[in-house]
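These notes are about the structure you will find just below.
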Amino acid sequence: MALDLRLYCRDAANEAVAGLAQLIDVLSTKAVAHAAWLMPGYTHLQRAQPVTVGHHLLAHAEPLLRDARRFGIAFESAGRMPLGSGALAGSTLPLARRVVARELGLPALTENSMDAVSDRDFALDLAYACVSTSIHLSRLGEDVVLWASSEFGFVKLADEIATGSSLMPQKKNPDIAELLRGRAGRSLGGLVALATVLKGLPLAYDRDLQEDKPALFAAVENVLDSLRAAALLVQHLEFDRERLLAAAADPLLLATDAAEELVRSGTPFRRAHEKVGRQVREGGFAAPWDAKASVAKRDLEGGPSRLRVTSRAKALRREAAALRRTTKIVPRHPLTK
């Protein structure tokens with residue numbers, strides 16, 4: 001079972017990376033198409049500065065790329081072959097452990113037979129990668145829920161990603177986005193359950209360890225389902241450019257630009273901040289330019305200008321393609337079906 005669980009974890013990590021690559025590609029493709037679509041950026045859920053839809057979408061793609069690396073770590077972590085450890089003390093027989101490891105595609109052997117049968121660190125690595133991904137998908141879902149509300153009106157929900165109400169005939173509900181939020185709890189619960197099983201166990205094997213699989217399987221299957229749903233959600237998002245432009249036209253979004261313009265002319269930022277803040281309070285604030293110019297001026301690495309968004313989106317698509325090539329997704333090992 002120690003071997004079977006390792007094989008499962010490697011297969012599951014590969015599947016998750018493939019799902020992440022797909023979602024990163026979808027987000028990046030959508031970002032290129034909306035690289036110049038202005039919208040407000042928010043802090044504290046208050047309008048802050050102008051950005052673009054493309055820049056915002058890429059902000060969801062970046063953590064998913066980090067998640068793919070976490071699953072890569074989980075894949076490597078599970079890559080040690082425990083066969084030959086026996087119940088805890090190895091064997092008196094001359095077992096060809098390295099031959100078997102090579103046949104199974106495992107690059108290394110476990111180094112201690114007692115540790116080999118009780119180690120579940122690799123499962124924790126996989127469970128944590130599932131939690132991290134679920135958190136990031138939940139944040140994506142939350143943005144879509146907000147954007148789809150009447151108060152924002154930034155996106156229109158296509159029929160493929162929404163349902164109606166059982167009572168109110170006018171309703172179109174962002175069910176996929178809400179489920180991405182809700183299902184994050186399943187992955188978190190799996191990690192906590194697994195860690196709780198492991199926290200007080202003596203070496204070597206204990207029957208408690210049979211509880212590792214329900215917790216881990218639930219976390220993995222949940223995140224794989226969520227990745228597929230998230231890709232469908234993003235593919236069918238339809239942005240309302242007029243509502244976005246109207247929101248981005250708020251002149252107060254350019255207050256920071258006005259302060260930076262004063263800094264450019266030699267005013268210390270602290271004083272520039274105070275001066276512009278006073279203008280806003282007294283109703284005398286005048287924006288130095290419009291939102292389109294503001295975004296264009298933010299042409300630095302990681303910034304929201306059209307050139308930077310398009311360039312980064314293309315780079316992310318290349319990263320996604322590379323992930324698909326390296327994962328080499330195959331049907332799960334016969335022992336783990």
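Ligands are numbered from 1 in the order shown, chains are lettered A, B, ... in the order of the structure tokens, and residues start at 1 in each chain.
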
Report task. Please return as a VMD selection string: the residues of stretch 220-264 of chain A that backbone DSSP assigns to alpha helix (DSSP H). Result -> chain A and resid 220 to 235 241 to 248 255 to 264

Query raised in the report: So which residues touch stretch 70-73 of chain A within 12 Å, counting only C-alpha atoms, skipping near sequence neighbours fewer than 2 positions away, as an MDAnalysis selection string?
Result: chainID A and resid 9:21 63:68 75:79 121:133 220 223 323 326:327

Query raised in the report: Looking at A:Asp290, A:Glu301, A:Asp115, A:Asp225, which one is nearest to A:Ala255, with distances taken over only C-alpha atoms?
Result: A:Asp290

Write out as an mmCIF file with C-alpha atoms, in the first residue's frame which residues come within 12 Å of A:Leu83 when counting only C-alpha atoms, dropping same-chain ones fewer than 4 positions away.
```cif
data_model
loop_
_atom_site.group_PDB
_atom_site.id
_atom_site.type_symbol
_atom_site.label_atom_id
_atom_site.label_comp_id
_atom_site.auth_asym_id
_atom_site.auth_seq_id
_atom_site.Cartn_x
_atom_site.Cartn_y
_atom_site.Cartn_z
ATOM 1 C CA MET A 1 0.000 0.000 0.000
ATOM 2 C CA ALA A 2 2.913 2.368 0.618
ATOM 3 C CA LEU A 3 3.943 1.785 -2.999
ATOM 4 C CA ASP A 4 0.423 2.020 -4.404
ATOM 5 C CA ARG A 6 3.039 6.755 -4.085
ATOM 6 C CA ALA A 87 6.567 -4.634 7.507
ATOM 7 C CA LEU A 88 9.348 -2.483 8.975
ATOM 8 C CA ALA A 89 12.709 -4.303 8.943
ATOM 9 C CA GLY A 90 13.436 -5.188 5.341
ATOM 10 C CA SER A 91 14.088 -8.758 4.247
ATOM 11 C CA LEU A 95 15.741 -8.490 -3.373
ATOM 12 C CA ALA A 96 16.589 -6.476 -6.501
ATOM 13 C CA ARG A 97 15.062 -3.233 -5.302
ATOM 14 C CA ARG A 98 16.655 -1.027 -7.948
ATOM 15 C CA VAL A 99 15.444 -3.254 -10.753
ATOM 16 C CA VAL A 100 11.877 -3.068 -9.480
ATOM 17 C CA ALA A 101 12.123 0.703 -9.011
ATOM 18 C CA ARG A 102 13.299 1.083 -12.591
ATOM 19 C CA LEU A 104 7.947 1.166 -11.957
ATOM 20 C CA LEU A 106 10.592 5.492 -9.698
ATOM 21 C CA ALA A 108 15.081 6.473 -6.119
ATOM 22 C CA LEU A 109 14.754 4.030 -3.229
ATOM 23 C CA THR A 110 13.598 4.708 0.306
ATOM 24 C CA GLU A 111 16.600 4.776 2.624
ATOM 25 C CA ASN A 112 15.101 3.447 5.856
ATOM 26 C CA SER A 113 12.657 0.564 6.031
ATOM 27 C CA MET A 114 10.827 1.858 9.115
ATOM 28 C CA ALA A 116 9.364 3.771 4.270
ATOM 29 C CA VAL A 117 6.234 2.124 5.657
#
```

**Report entry** Which of A:Ser118, A:Glu221, A:Asp143, A:Ser85 sits closest to A:Arg207 [using only C-alpha atoms]
**Finding:**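 Checking each candidate against A:Arg207, we get A:Ser118 as the closest.
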
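The shortest atom-to-atom distance to A:Arg181, with only C-alpha atoms taken into account, belongs to A:Ser226 out of A:Ala215, A:Ala193, A:Ser226, A:Leu300.
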
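Interatomic distance, atom CA of A:Asp25 to atom CA of A:Arg69: 15.7 Å.
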
Report as a short mmCIF file (atom, residue, chain, number, x, y, z; two decimals) with C-alpha atoms, in the first residue's frame all protein, DNA and RNA residues lying within 10 Å of A:Ala286, evaluated on only C-alpha atoms, omitting residues in the same chain fewer than 2 positions from it.
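Result file is selection-v3.cif:
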```cif
data_model
loop_
_atom_site.label_atom_id
_atom_site.label_comp_id
_atom_site.auth_asym_id
_atom_site.auth_seq_id
_atom_site.Cartn_x
_atom_site.Cartn_y
_atom_site.Cartn_z
CA PRO A 251 -11.62 60.44 -12.14
CA LEU A 252 -10.70 59.53 -8.57
CA LEU A 254 -6.29 58.82 -11.14
CA ALA A 255 -5.51 60.41 -7.77
CA ALA A 258 -1.76 63.09 -9.92
CA VAL A 276 -3.96 65.48 -3.74
CA GLN A 279 -7.99 68.37 -3.35
CA VAL A 280 -10.18 65.26 -3.27
CA GLY A 283 -13.79 68.82 -4.41
CA GLY A 284 -11.02 70.48 -6.38
CA PRO A 288 -3.89 64.83 -15.13
CA TRP A 289 -5.01 62.45 -17.92
#
```

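When only C-alpha atoms are used to compute distances to A:Ala248, the closest of the residues A:Ser305, A:Thr52, A:Ser265, A:Gln170 turns out to be A:Thr52.
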
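Here the strand (DSSP E) residues in stretch 80-189 of chain A, by DSSP on the backbone, are Arg80, Met81, Ala108, Leu109, Val155, Lys156 and Leu157 of chain A.
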
Query raised in the report: Which is closest to A:Thr256 among A:Arg312, A:Arg47, A:His56, A:Lys30, if we use only C-alpha atoms?
Result: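 Closest candidate: A:Arg47.
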